[in-house]
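Novice: See target.txt below, with compact mmCIF, C-alpha atoms and all ligand atoms.
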# COMPACT_ATOMS: atom_id res chain seq x y z
CA MET A 111 0.00 0.00 0.00
CA ASN A 112 2.84 2.31 0.96
CA THR A 113 4.48 1.85 -2.36
CA MET A 114 1.24 2.91 -4.01
CA ARG A 115 1.06 6.11 -2.01
CA ASN A 116 4.70 6.84 -2.61
CA SER A 117 4.70 6.14 -6.29
CA SER A 118 3.90 8.81 -8.79
CA SER A 119 0.24 9.25 -9.70
CA ARG A 120 0.95 8.54 -13.36
CA PRO A 121 0.07 4.80 -13.33
CA ALA A 122 -3.25 5.60 -11.62
CA ALA A 123 -4.05 8.30 -14.16
CA LEU A 124 -3.12 5.90 -16.93
CA ALA A 125 -5.41 3.24 -15.45
CA ILE A 126 -8.33 5.71 -15.33
CA LEU A 127 -7.63 6.72 -18.90
CA MET A 128 -7.61 3.07 -19.96
CA VAL A 129 -10.96 2.41 -18.25
CA CYS A 130 -12.42 5.41 -20.08
CA VAL A 131 -11.12 4.15 -23.41
CA ALA A 132 -12.54 0.68 -22.70
CA ASN A 133 -15.94 2.20 -21.88
CA ILE A 134 -15.97 4.24 -25.04
CA ALA A 135 -15.05 1.12 -27.01
CA ALA A 136 -17.88 -0.87 -25.40
CA ALA A 137 -20.45 1.83 -26.17
CA ALA A 138 -19.27 2.39 -29.73
CA PRO A 139 -21.75 1.25 -32.36
CA PRO A 140 -20.65 -1.73 -34.44
CA SER A 141 -18.61 -0.84 -37.52
CA ALA A 142 -20.16 -0.92 -40.98
CA ALA A 143 -17.91 -3.89 -41.77
CA THR A 144 -19.21 -5.83 -38.75
CA LEU A 145 -22.85 -5.20 -39.73
CA GLU A 146 -22.10 -6.11 -43.33
CA ARG A 147 -20.48 -9.39 -42.25
CA GLY A 148 -23.40 -10.20 -39.91
CA ARG A 149 -25.97 -9.47 -42.61
CA TYR A 150 -24.06 -11.51 -45.19
CA LEU A 151 -24.05 -14.52 -42.85
CA MET A 152 -27.67 -14.18 -41.78
CA ASP A 153 -28.95 -13.53 -45.31
CA GLY A 154 -26.79 -16.41 -46.51
CA VAL A 155 -25.31 -19.57 -45.09
CA VAL A 156 -26.36 -19.03 -41.43
CA ALA A 157 -30.02 -18.27 -42.26
CA CYS A 158 -31.42 -17.72 -38.73
CA ALA A 159 -34.55 -16.37 -40.41
CA ASN A 160 -35.34 -19.74 -41.99
CA CYS A 161 -36.62 -20.70 -38.52
CA HIS A 162 -37.17 -17.40 -36.68
CA MET A 163 -39.01 -15.40 -39.33
CA ALA A 164 -42.75 -15.05 -38.74
CA ARG A 165 -44.69 -16.98 -41.38
CA GLY A 166 -48.18 -17.01 -42.80
CA PRO A 167 -50.46 -20.03 -43.24
CA ARG A 168 -48.69 -21.22 -46.42
CA GLY A 169 -45.26 -20.92 -44.86
CA GLU A 170 -44.62 -17.57 -46.58
CA TYR A 171 -42.45 -14.99 -44.80
CA LEU A 172 -44.30 -12.10 -43.15
CA ALA A 173 -41.62 -9.47 -43.76
CA ASP A 174 -43.26 -6.80 -41.61
CA LYS A 175 -43.21 -9.14 -38.59
CA GLY A 176 -39.47 -9.82 -38.95
CA MET A 177 -37.88 -12.49 -36.79
CA SER A 178 -40.74 -12.49 -34.30
CA GLY A 179 -40.97 -16.28 -34.44
CA GLY A 180 -43.89 -18.63 -34.03
CA MET A 181 -42.89 -21.34 -36.51
CA PRO A 182 -43.82 -24.75 -35.04
CA PHE A 183 -41.54 -27.79 -35.26
CA ASP A 184 -43.24 -31.15 -34.79
CA ASP A 185 -41.03 -34.08 -34.01
CA LYS A 186 -41.27 -37.38 -32.14
CA MET A 187 -39.04 -35.85 -29.47
CA PHE A 188 -40.51 -32.35 -29.21
CA LYS A 189 -43.09 -29.79 -30.14
CA ALA A 190 -40.98 -26.65 -30.40
CA TYR A 191 -41.71 -23.07 -31.45
CA ALA A 192 -39.14 -20.63 -32.79
CA PRO A 193 -39.08 -17.76 -30.28
CA ASN A 194 -39.31 -14.06 -30.99
CA VAL A 195 -35.72 -12.79 -31.38
CA THR A 196 -36.60 -9.18 -32.23
CA GLN A 197 -35.74 -6.32 -29.88
CA ASP A 198 -39.16 -6.34 -28.16
CA ARG A 199 -38.42 -6.12 -24.44
CA GLU A 200 -41.36 -8.25 -23.29
CA THR A 201 -41.85 -10.95 -25.93
CA GLY A 202 -38.43 -10.78 -27.63
CA VAL A 203 -34.80 -10.52 -26.55
CA GLY A 204 -34.64 -6.71 -26.17
CA LYS A 205 -33.59 -6.95 -22.51
CA TRP A 206 -30.75 -9.40 -23.12
CA THR A 207 -27.17 -8.09 -23.15
CA ASP A 208 -24.82 -8.84 -26.04
CA ALA A 209 -22.96 -11.37 -23.89
CA GLN A 210 -26.25 -13.08 -23.00
CA LEU A 211 -27.18 -13.32 -26.68
CA VAL A 212 -23.78 -14.79 -27.55
CA LYS A 213 -24.21 -17.39 -24.77
CA ALA A 214 -27.71 -18.26 -26.00
CA ILE A 215 -26.51 -18.76 -29.57
CA ARG A 216 -23.26 -20.62 -28.91
CA GLU A 217 -24.08 -22.50 -25.69
CA GLY A 218 -27.87 -22.67 -25.76
CA VAL A 219 -28.18 -21.11 -22.31
CA ARG A 220 -30.74 -18.34 -21.65
CA PRO A 221 -30.07 -15.51 -19.17
CA ASP A 222 -32.24 -17.36 -16.59
CA GLY A 223 -29.93 -20.39 -16.91
CA SER A 224 -32.47 -22.59 -18.73
CA LEU A 225 -31.35 -24.62 -21.74
CA ILE A 226 -32.55 -23.88 -25.29
CA GLY A 227 -33.70 -27.10 -26.95
CA PRO A 228 -33.74 -28.43 -30.51
CA PRO A 229 -34.04 -27.69 -33.33
CA MET A 230 -31.99 -24.58 -32.49
CA PRO A 231 -28.66 -25.88 -33.87
CA VAL A 232 -26.55 -25.02 -30.83
CA GLU A 233 -24.12 -27.92 -31.30
CA PHE A 234 -23.10 -26.29 -34.60
CA TYR A 235 -23.23 -22.67 -33.46
CA ARG A 236 -20.66 -23.51 -30.73
CA HIS A 237 -18.14 -23.22 -33.55
CA LEU A 238 -19.16 -19.70 -34.63
CA SER A 239 -16.07 -17.51 -34.34
CA ASP A 240 -16.08 -14.61 -31.87
CA ASP A 241 -16.09 -12.15 -34.76
CA ASP A 242 -18.96 -13.86 -36.55
CA VAL A 243 -21.18 -14.35 -33.50
CA ASN A 244 -20.61 -10.72 -32.49
CA ALA A 245 -21.50 -9.61 -36.02
CA ILE A 246 -24.74 -11.64 -35.85
CA VAL A 247 -25.64 -10.13 -32.47
CA ALA A 248 -24.94 -6.64 -33.86
CA VAL A 249 -27.46 -7.32 -36.64
CA LEU A 250 -30.03 -8.74 -34.18
CA ARG A 251 -29.83 -5.37 -32.39
CA THR A 252 -31.00 -3.66 -35.57
CA GLU A 253 -34.13 -5.86 -35.79
CA PRO A 254 -37.15 -3.63 -35.08
CA ALA A 255 -39.06 -4.65 -31.94
CA VAL A 256 -42.13 -6.70 -32.87
CA ARG A 257 -44.53 -7.78 -30.16
CA ASN A 258 -45.41 -11.46 -30.59
CA ALA A 259 -45.80 -13.91 -27.72
CA VAL A 260 -44.81 -17.41 -28.83
CA PRO A 261 -45.98 -20.61 -27.06
CA LYS A 262 -43.46 -22.50 -24.93
CA SER A 263 -41.79 -25.55 -26.46
CA THR A 264 -42.28 -28.99 -24.91
CA PHE A 265 -39.70 -31.78 -25.02
CA ASN A 266 -40.39 -35.50 -24.52
CA PHE A 267 -36.87 -36.24 -23.34
CA PRO A 268 -34.85 -35.19 -20.32
CA MET A 269 -32.85 -32.08 -21.26
CA PRO A 270 -29.11 -32.59 -20.54
CA PRO A 271 -27.50 -30.28 -17.96
CA SER A 272 -25.73 -28.46 -20.82
CA TRP A 273 -24.83 -28.79 -24.51
CA GLY A 274 -21.13 -28.81 -23.64
CA PRO A 275 -18.48 -26.85 -21.75
CA PRO A 276 -18.59 -23.04 -21.91
CA VAL A 277 -17.35 -21.68 -25.24
CA LYS A 278 -14.15 -19.65 -24.88
CA LYS A 279 -12.37 -17.92 -27.75
CA VAL A 280 -13.18 -19.19 -31.25
CA LYS A 281 -11.30 -18.17 -34.38
CA ALA A 282 -12.46 -19.06 -37.90
CA PRO A 283 -9.94 -20.98 -40.04
CA SER A 284 -8.14 -19.00 -42.73
CA ARG A 285 -9.93 -18.60 -46.06
CA ALA A 286 -6.66 -19.63 -47.70
CA HIS A 287 -7.37 -23.17 -46.49
CA LYS A 288 -10.34 -23.82 -48.76
CA VAL A 289 -11.42 -27.20 -47.36
CA LYS A 290 -11.10 -26.12 -43.71
CA TYR A 291 -12.93 -22.86 -44.38
CA GLY A 292 -15.60 -24.81 -46.27
CA GLU A 293 -15.99 -27.07 -43.25
CA TYR A 294 -16.41 -23.97 -41.08
CA LEU A 295 -19.13 -22.62 -43.41
CA SER A 296 -20.86 -26.00 -43.50
CA THR A 297 -20.79 -26.06 -39.69
CA ILE A 298 -22.17 -22.57 -39.09
CA GLY A 299 -24.70 -23.25 -41.86
CA HIS A 300 -25.53 -26.48 -39.99
CA CYS A 301 -25.75 -28.34 -43.33
CA MET A 302 -24.89 -31.61 -41.59
CA GLU A 303 -27.68 -31.18 -39.08
CA CYS A 304 -30.16 -32.15 -41.80
CA HIS A 305 -27.88 -34.26 -43.98
CA THR A 306 -26.79 -36.67 -41.19
CA GLN A 307 -28.67 -39.48 -39.42
CA ARG A 308 -29.46 -39.29 -35.71
CA ASP A 309 -29.49 -42.19 -33.27
CA GLN A 310 -32.31 -43.18 -30.88
CA LYS A 311 -31.14 -40.59 -28.36
CA GLY A 312 -31.23 -37.85 -30.97
CA MET A 313 -27.44 -37.59 -31.25
CA LEU A 314 -25.83 -37.11 -34.68
CA VAL A 315 -24.21 -40.28 -36.01
CA THR A 316 -20.83 -38.87 -37.04
CA ALA A 317 -19.96 -42.07 -38.92
CA SER A 318 -22.78 -41.20 -41.34
CA LEU A 319 -21.85 -37.51 -41.69
CA GLY A 320 -23.37 -36.06 -44.85
CA SER A 321 -24.98 -39.26 -46.13
CA GLY A 322 -28.52 -37.86 -45.87
CA GLY A 323 -31.68 -39.92 -45.62
CA ARG A 324 -33.51 -37.90 -42.99
CA SER A 325 -37.15 -37.20 -43.60
CA PHE A 326 -38.65 -33.70 -43.29
CA PRO A 327 -42.43 -33.80 -43.46
CA GLY A 328 -44.25 -30.47 -43.73
CA PRO A 329 -46.93 -28.59 -45.65
CA TRP A 330 -44.86 -29.46 -48.76
CA GLY A 331 -45.43 -33.19 -48.22
CA ASP A 332 -42.20 -34.98 -47.41
CA SER A 333 -38.63 -34.22 -48.39
CA VAL A 334 -35.67 -36.46 -47.70
CA SER A 335 -32.20 -35.00 -47.29
CA ARG A 336 -29.75 -36.12 -49.99
CA ASN A 337 -26.34 -37.73 -49.81
CA LEU A 338 -23.72 -34.95 -49.94
CA THR A 339 -20.72 -37.27 -49.97
CA PRO A 340 -18.84 -38.14 -53.20
CA HIS A 341 -20.56 -41.54 -53.51
CA GLU A 342 -22.54 -42.90 -56.52
CA SER A 343 -25.71 -42.25 -54.50
CA GLY A 344 -24.41 -38.76 -53.67
CA LEU A 345 -22.55 -35.97 -55.42
CA LYS A 346 -20.06 -38.12 -57.33
CA GLY A 347 -20.27 -37.09 -60.97
CA TRP A 348 -21.79 -33.68 -60.17
CA THR A 349 -19.96 -30.64 -61.51
CA ASP A 350 -19.19 -27.68 -59.26
CA ALA A 351 -21.76 -25.68 -61.22
CA GLN A 352 -24.44 -28.29 -60.57
CA ILE A 353 -23.71 -28.33 -56.83
CA SER A 354 -23.82 -24.54 -56.77
CA LYS A 355 -27.13 -24.56 -58.64
CA ALA A 356 -28.57 -27.03 -56.13
CA VAL A 357 -27.48 -25.04 -53.08
CA ARG A 358 -27.88 -21.47 -54.37
CA GLY A 359 -30.58 -22.04 -56.99
CA GLY A 360 -32.64 -24.70 -55.24
CA VAL A 361 -32.94 -26.83 -58.40
CA ASP A 362 -31.60 -30.27 -59.21
CA ARG A 363 -29.63 -31.41 -62.27
CA ASN A 364 -32.84 -31.62 -64.31
CA GLY A 365 -33.91 -28.14 -63.28
CA GLN A 366 -36.58 -29.47 -60.90
CA PRO A 367 -37.02 -27.33 -57.75
CA TYR A 368 -36.24 -28.85 -54.34
CA LYS A 369 -38.72 -28.72 -51.49
CA PRO A 370 -38.18 -27.00 -48.12
CA PRO A 371 -36.93 -26.89 -45.38
CA MET A 372 -33.43 -26.20 -46.82
CA ALA A 373 -32.92 -22.41 -46.78
CA PHE A 374 -32.53 -21.89 -50.54
CA GLN A 375 -33.95 -18.35 -50.43
CA HIS A 376 -31.00 -17.42 -48.19
CA TYR A 377 -28.34 -19.62 -49.72
CA LYS A 378 -28.74 -17.75 -53.01
CA ASN A 379 -26.72 -14.99 -51.32
CA ILE A 380 -23.67 -17.18 -50.62
CA ASP A 381 -20.81 -15.61 -52.59
CA ASP A 382 -18.69 -17.48 -55.17
CA ALA A 383 -15.63 -17.91 -52.94
CA ASP A 384 -17.71 -19.35 -50.10
CA MET A 385 -19.62 -21.62 -52.50
CA ALA A 386 -16.29 -22.91 -53.85
CA ALA A 387 -15.05 -23.56 -50.29
CA LEU A 388 -18.28 -25.41 -49.38
CA THR A 389 -17.99 -27.54 -52.52
CA ALA A 390 -14.31 -28.33 -51.83
CA TYR A 391 -15.30 -29.46 -48.33
CA LEU A 392 -18.15 -31.70 -49.57
CA ARG A 393 -15.76 -33.28 -52.08
CA SER A 394 -13.30 -34.02 -49.24
CA LEU A 395 -15.84 -36.15 -47.29
CA PRO A 396 -15.35 -39.92 -47.31
CA PRO A 397 -17.84 -41.45 -49.80
CA ARG A 398 -20.75 -43.06 -47.92
CA PRO A 399 -23.81 -44.93 -49.20
CA PHE A 400 -27.09 -43.01 -48.94
CA GLY A 401 -28.34 -42.80 -45.35
CA LYS A 402 -25.54 -45.03 -43.99
C1 LIG B 501 -33.46 -24.93 -37.28
C2 LIG B 501 -34.20 -23.81 -36.73
C3 LIG B 501 -33.42 -22.69 -36.06
C4 LIG B 501 -32.35 -21.97 -36.57
C5 LIG B 501 -31.65 -22.13 -37.91
C6 LIG B 501 -32.05 -20.98 -35.56
N1 LIG B 501 -32.87 -21.11 -34.48
FE1 LIG B 501 -32.79 -20.01 -32.78
N2 LIG B 501 -34.20 -21.22 -31.92
C7 LIG B 501 -34.93 -22.18 -32.59
C8 LIG B 501 -35.88 -22.78 -31.67
C9 LIG B 501 -36.91 -23.84 -31.99
C10 LIG B 501 -35.65 -22.17 -30.41
C11 LIG B 501 -36.40 -22.44 -29.09
C12 LIG B 501 -36.08 -23.79 -28.50
C13 LIG B 501 -36.73 -23.95 -27.14
O1 LIG B 501 -37.89 -23.55 -26.99
O2 LIG B 501 -36.07 -24.43 -26.21
C14 LIG B 501 -34.60 -21.17 -30.61
C15 LIG B 501 -34.10 -20.31 -29.63
C16 LIG B 501 -33.31 -19.20 -29.88
C17 LIG B 501 -32.99 -18.17 -28.91
C18 LIG B 501 -33.49 -18.11 -27.48
C19 LIG B 501 -34.69 -17.18 -27.42
C20 LIG B 501 -35.60 -17.38 -26.25
O3 LIG B 501 -36.41 -16.46 -25.99
O4 LIG B 501 -35.57 -18.42 -25.59
C21 LIG B 501 -32.21 -17.25 -29.55
C22 LIG B 501 -31.63 -15.96 -28.97
C23 LIG B 501 -32.03 -17.70 -30.91
N3 LIG B 501 -32.71 -18.89 -31.07
C24 LIG B 501 -31.31 -17.03 -31.88
C25 LIG B 501 -30.96 -17.59 -33.12
C26 LIG B 501 -29.99 -17.01 -34.03
C27 LIG B 501 -29.28 -15.70 -33.83
C28 LIG B 501 -29.90 -17.87 -35.09
C29 LIG B 501 -28.95 -17.80 -36.27
C30 LIG B 501 -27.53 -17.66 -35.90
C31 LIG B 501 -30.82 -18.96 -34.85
N4 LIG B 501 -31.44 -18.75 -33.64
C32 LIG B 501 -31.04 -20.04 -35.70
C33 LIG B 501 -34.78 -22.54 -33.91
C34 LIG B 501 -33.75 -22.14 -34.75
C1 LIG B 502 -33.16 -27.83 -42.74
C2 LIG B 502 -32.54 -29.00 -43.35
C3 LIG B 502 -31.42 -28.78 -44.33
C4 LIG B 502 -30.31 -27.97 -44.19
C5 LIG B 502 -29.93 -27.06 -43.03
C6 LIG B 502 -29.54 -28.14 -45.39
N1 LIG B 502 -30.15 -29.03 -46.24
FE1 LIG B 502 -29.48 -29.59 -48.09
N2 LIG B 502 -31.22 -30.59 -48.42
C7 LIG B 502 -32.20 -30.83 -47.46
C8 LIG B 502 -33.27 -31.63 -48.07
C9 LIG B 502 -34.52 -32.12 -47.34
C10 LIG B 502 -32.91 -31.82 -49.43
C11 LIG B 502 -33.72 -32.54 -50.51
C12 LIG B 502 -34.87 -31.64 -50.94
C13 LIG B 502 -35.80 -32.32 -51.92
O1 LIG B 502 -35.64 -33.52 -52.16
O2 LIG B 502 -36.70 -31.66 -52.49
C14 LIG B 502 -31.60 -31.17 -49.61
C15 LIG B 502 -30.86 -31.15 -50.78
C16 LIG B 502 -29.54 -30.72 -50.91
C17 LIG B 502 -28.72 -30.86 -52.10
C18 LIG B 502 -29.13 -31.55 -53.41
C19 LIG B 502 -28.39 -32.86 -53.56
C20 LIG B 502 -28.99 -33.85 -54.50
O3 LIG B 502 -28.48 -34.98 -54.58
O4 LIG B 502 -30.00 -33.54 -55.18
C21 LIG B 502 -27.50 -30.30 -51.82
C22 LIG B 502 -26.28 -30.21 -52.74
C23 LIG B 502 -27.56 -29.81 -50.46
N3 LIG B 502 -28.81 -30.10 -49.95
C24 LIG B 502 -26.50 -29.20 -49.80
C25 LIG B 502 -26.64 -28.52 -48.58
C26 LIG B 502 -25.64 -27.64 -48.04
C27 LIG B 502 -24.28 -27.35 -48.63
C28 LIG B 502 -26.17 -27.12 -46.87
C29 LIG B 502 -25.57 -26.09 -45.94
C30 LIG B 502 -25.17 -24.84 -46.54
C31 LIG B 502 -27.48 -27.73 -46.70
N4 LIG B 502 -27.74 -28.56 -47.75
C32 LIG B 502 -28.32 -27.48 -45.62
C33 LIG B 502 -32.19 -30.38 -46.15
C34 LIG B 502 -31.30 -29.45 -45.61
Could you spell out this file's structure in structure tokens?

Specialist:
Amino acid sequence: MNTMRNSSSRPAALAILMVCVANIAAAAPPSAATLERGRYLMDGVVACANCHMARGPRGEYLADKGMSGGMPFDDKMFKAYAPNVTQDRETGVGKWTDAQLVKAIREGVRPDGSLIGPPMPVEFYRHLSDDDVNAIVAVLRTEPAVRNAVPKSTFNFPMPPSWGPPVKKVKAPSRAHKVKYGEYLSTIGHCMECHTQRDQKGMLVTASLGSGGRSFPGPWGDSVSRNLTPHESGLKGWTDAQISKAVRGGVDRNGQPYKPPMAFQHYKNIDDADMAALTAYLRSLPPRPFGK
């Protein structure tokens, strides 16, 4: 203590100055580049709106209601509803801090400590880089507040205590490593969530990664996810242009449109470099028979 009193006041002044700078930094609005990155991800491969956007009776987006939720998900294991993630303070997430939003997205934990259930793809969003998750939260903050109370989800299985250990620092792989960056995009786009089998307990069967065969019933009838591995029953023999047309154009090799729930209306915004990285990653998967 004595040393403190005896020392010059410069370190203390410096400390105060640093606190001020930190506060200014925290209050500063996100940069244009951050918002642009967040919008690119959300309008593209990450596609939060595919689940959180309010929809009309035919599944059409209700643009004026934004991401105020309500979409039901019927499954053997749950009856879930996409919550309102607009800035409304009562029925949305307007009261949550940025850190709380990041924790909800990457760890599936709400500010009250409760766990967010499926189909929110938390196990994939764990891998969102710090920069990307912060960019997404910055965009969520720009969502106009829309009042819309959504029913509570019910789950027919015991929720685990957590979806994994707390997420610390996450860095995205370099774009220079095309396959690795493609894997990152496929993860944050949770492509494998739909294109991989699950076991009885609802866990992804990693040995069948990308082989498809999951059924998605809906107002469109049924659609079955395809095999994305380079197998005869998958993407072997497809050109890059055909894969791009499937993902970004939503049409197969004969020009026939695919059915939902894949987020084609968002994926059309994936840029050429990212599409090339995604394709390189899919081509790097071990070939697996359909659904195996
Ligand atoms: C596949 C559909 C799906 C996608 C994609 C999705 N979510 Fe969710 N999300 C849900 C569902 C369903 C819940 C609620 C689960 C429950 O009730 O436990 C949820 C919960 C949340 C919550 C907690 C809100 C609350 O009030 O409890 C937040 C925040 C959230 N999502 C944000 C996002 C963001 C941001 C993205 C994109 C990065 C995203 N979600 C992508 C389906 C999805
Ligand atoms: C919400 C579930 C879901 C997600 C997420 C999803 N897909 Fe799909 N995908 C499907 C379904 C279902 C089909 C088949 C649709 C049909 O038959 O009409 C499909 C079809 C495809 C096809 C066509 C393949 C063929 O053989 O015809 C490709 C390629 C594809 N998906 C790649 C991707 C990629 C890459 C991503 C991530 C960026 C992705 N998917 C995310 C469900 C999903």

Novice: Throw together the list of residues within 8 Å of ligand LIG 502 (chain B), counting only C-alpha atoms and all ligand atoms, and drop it here as a PyMOL selection string.

Specialist: chain A and resi 155-156+295-297+299-305+324-326+333-338+343-345+353-354+356-357+360-363+367-373+377+388-389+392

Novice: Which residue, A:Cys161, A:Ala282, A:Val256, A:Val212, has the smallest gap to ligand LIG 501 (chain B) when you use only C-alpha atoms and all ligand atoms?

Specialist: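 Once distances to ligand LIG 501 (chain B) are computed over only C-alpha atoms and all ligand atoms, the minimum belongs to A:Cys161.
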
Novice: Would you list the contacts of Pro276 of chain A as a list in words, taking every protein, DNA or RNA residue within 10 Å and counting all atoms listed in the file, but skipping same-chain residues closer than 4 positions in sequence?

Specialist: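 Counting all atoms listed in the file, the residues come to Lys213, Arg216, Glu217, Val219, Arg236 and Ser272 of chain A.
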
Novice: Go ahead and write the selection's residues with C-alpha atoms as an mmCIF file, keeping the file's coordinate frame.

Specialist:
data_model
loop_
_atom_site.group_PDB
_atom_site.id
_atom_site.type_symbol
_atom_site.label_atom_id
_atom_site.label_comp_id
_atom_site.auth_asym_id
_atom_site.auth_seq_id
_atom_site.Cartn_x
_atom_site.Cartn_y
_atom_site.Cartn_z
ATOM 1 C CA LYS A 213 -24.210 -17.390 -24.770
ATOM 2 C CA ARG A 216 -23.260 -20.620 -28.910
ATOM 3 C CA GLU A 217 -24.080 -22.500 -25.690
ATOM 4 C CA VAL A 219 -28.180 -21.110 -22.310
ATOM 5 C CA ARG A 236 -20.660 -23.510 -30.730
ATOM 6 C CA SER A 272 -25.730 -28.460 -20.820
#

Novice: Considering only C-alpha atoms, return as a VMD selection string whatever protein or nucleic-acid residues lie within 10 Å of segment 178-182 of chain A, sequence-local ones (same chain, fewer than 6 positions apart) excluded.

Specialist: chain A and resid 159 to 166 169 172 189 to 198 201 to 203 253 to 263

Novice: Quick one: pull the distance between atom CA of Asp242 of chain A and atom C31 of ligand LIG 501 (chain B), Å, one decimal.

Specialist: 13.0 Å

Novice: Which value, in Å to one decimal, gives the distance between atom CA of Thr207 of chain A and atom CA of Val247 of chain A?

Specialist: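 Atom-to-atom, atom CA of Thr207 of chain A and atom CA of Val247 of chain A are spaced 9.7 Å apart.
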
Novice: Excluding same-chain residues fewer than 5 positions from His376 of chain A, what lies within 7 Å of it counting all atoms listed in the file, as a list in words?

Specialist: Asp153, Gly154, Val155 and Ala157 of chain A

Novice: For the residues in that selection, give me C-alpha atoms as an mmCIF file, in the coordinates of the input.

Specialist:
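Below is the file again_30.cif, written as the result:
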data_model
loop_
_atom_site.group_PDB
_atom_site.id
_atom_site.type_symbol
_atom_site.label_atom_id
_atom_site.label_comp_id
_atom_site.auth_asym_id
_atom_site.auth_seq_id
_atom_site.Cartn_x
_atom_site.Cartn_y
_atom_site.Cartn_z
ATOM 1 C CA ASP A 153 -28.950 -13.530 -45.310
ATOM 2 C CA GLY A 154 -26.790 -16.410 -46.510
ATOM 3 C CA VAL A 155 -25.310 -19.570 -45.090
ATOM 4 C CA ALA A 157 -30.020 -18.270 -42.260
#

Novice: Report the distance between atom CA of Asn379 of chain A and atom CA of Asp332 of chain A in Å, rounded to one decimal place.

Specialist: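 Atom CA of Asn379 of chain A sits 25.6 Å away from atom CA of Asp332 of chain A.
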
Novice: Using all atoms listed in the file, find the one residue out of A:Tyr294, A:Arg398, A:Ala248, A:Lys288 that sits nearest to Ala142 of chain A.

Specialist: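 Between A:Tyr294, A:Arg398, A:Ala248, A:Lys288, the residue approaching Ala142 of chain A most closely is A:Ala248.
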
Novice: Can you pull out every residue within 7 Å of Tyr391 of chain A, counting only C-alpha atoms, but drop anything in the same chain fewer than 6 positions away, and send it as an mmCIF file with C-alpha atoms, in the frame of the given file?

Specialist:
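Produced file result15.cif, reproduced below:
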data_model
loop_
_atom_site.group_PDB
_atom_site.id
_atom_site.type_symbol
_atom_site.label_atom_id
_atom_site.label_comp_id
_atom_site.auth_asym_id
_atom_site.auth_seq_id
_atom_site.Cartn_x
_atom_site.Cartn_y
_atom_site.Cartn_z
ATOM 1 C CA VAL A 289 -11.420 -27.200 -47.360
ATOM 2 C CA GLY A 292 -15.600 -24.810 -46.270
ATOM 3 C CA GLU A 293 -15.990 -27.070 -43.250
#

Novice: When you count all atoms listed in the file, which of these residues is closest to ligand LIG 501 (chain B): A:Trp330, A:Tyr150, A:Tyr171, A:Phe265?

Specialist: A:Phe265

Novice: My list of candidates is A:Ile380, A:Leu250, A:Met230, A:Ala209. Which is closest to ligand LIG 501 (chain B) when distances are computed with all atoms listed in the file?

Specialist: A:Met230

Novice: Closest to Lys402 of chain A among A:Pro327, A:Ala390, A:Lys378, A:Ser318, using only C-alpha atoms?

Specialist: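 Of A:Pro327, A:Ala390, A:Lys378, A:Ser318, the one nearest Lys402 of chain A is A:Ser318, counting only C-alpha atoms.
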
Novice: I'd like the neighbourhood of Phe188 of chain A as a PyMOL selection string, where a residue qualifies if any of its atoms comes within 9 Å (using only C-alpha atoms), though same-chain residues fewer than 5 positions away should be ignored.

Specialist: chain A and resi 183+227-229+263-267

Novice: Counting only C-alpha atoms, which residue out of A:Arg393, A:Leu151, A:Asp309, A:Gly365 sits closest to Trp348 of chain A?

Specialist: A:Arg393
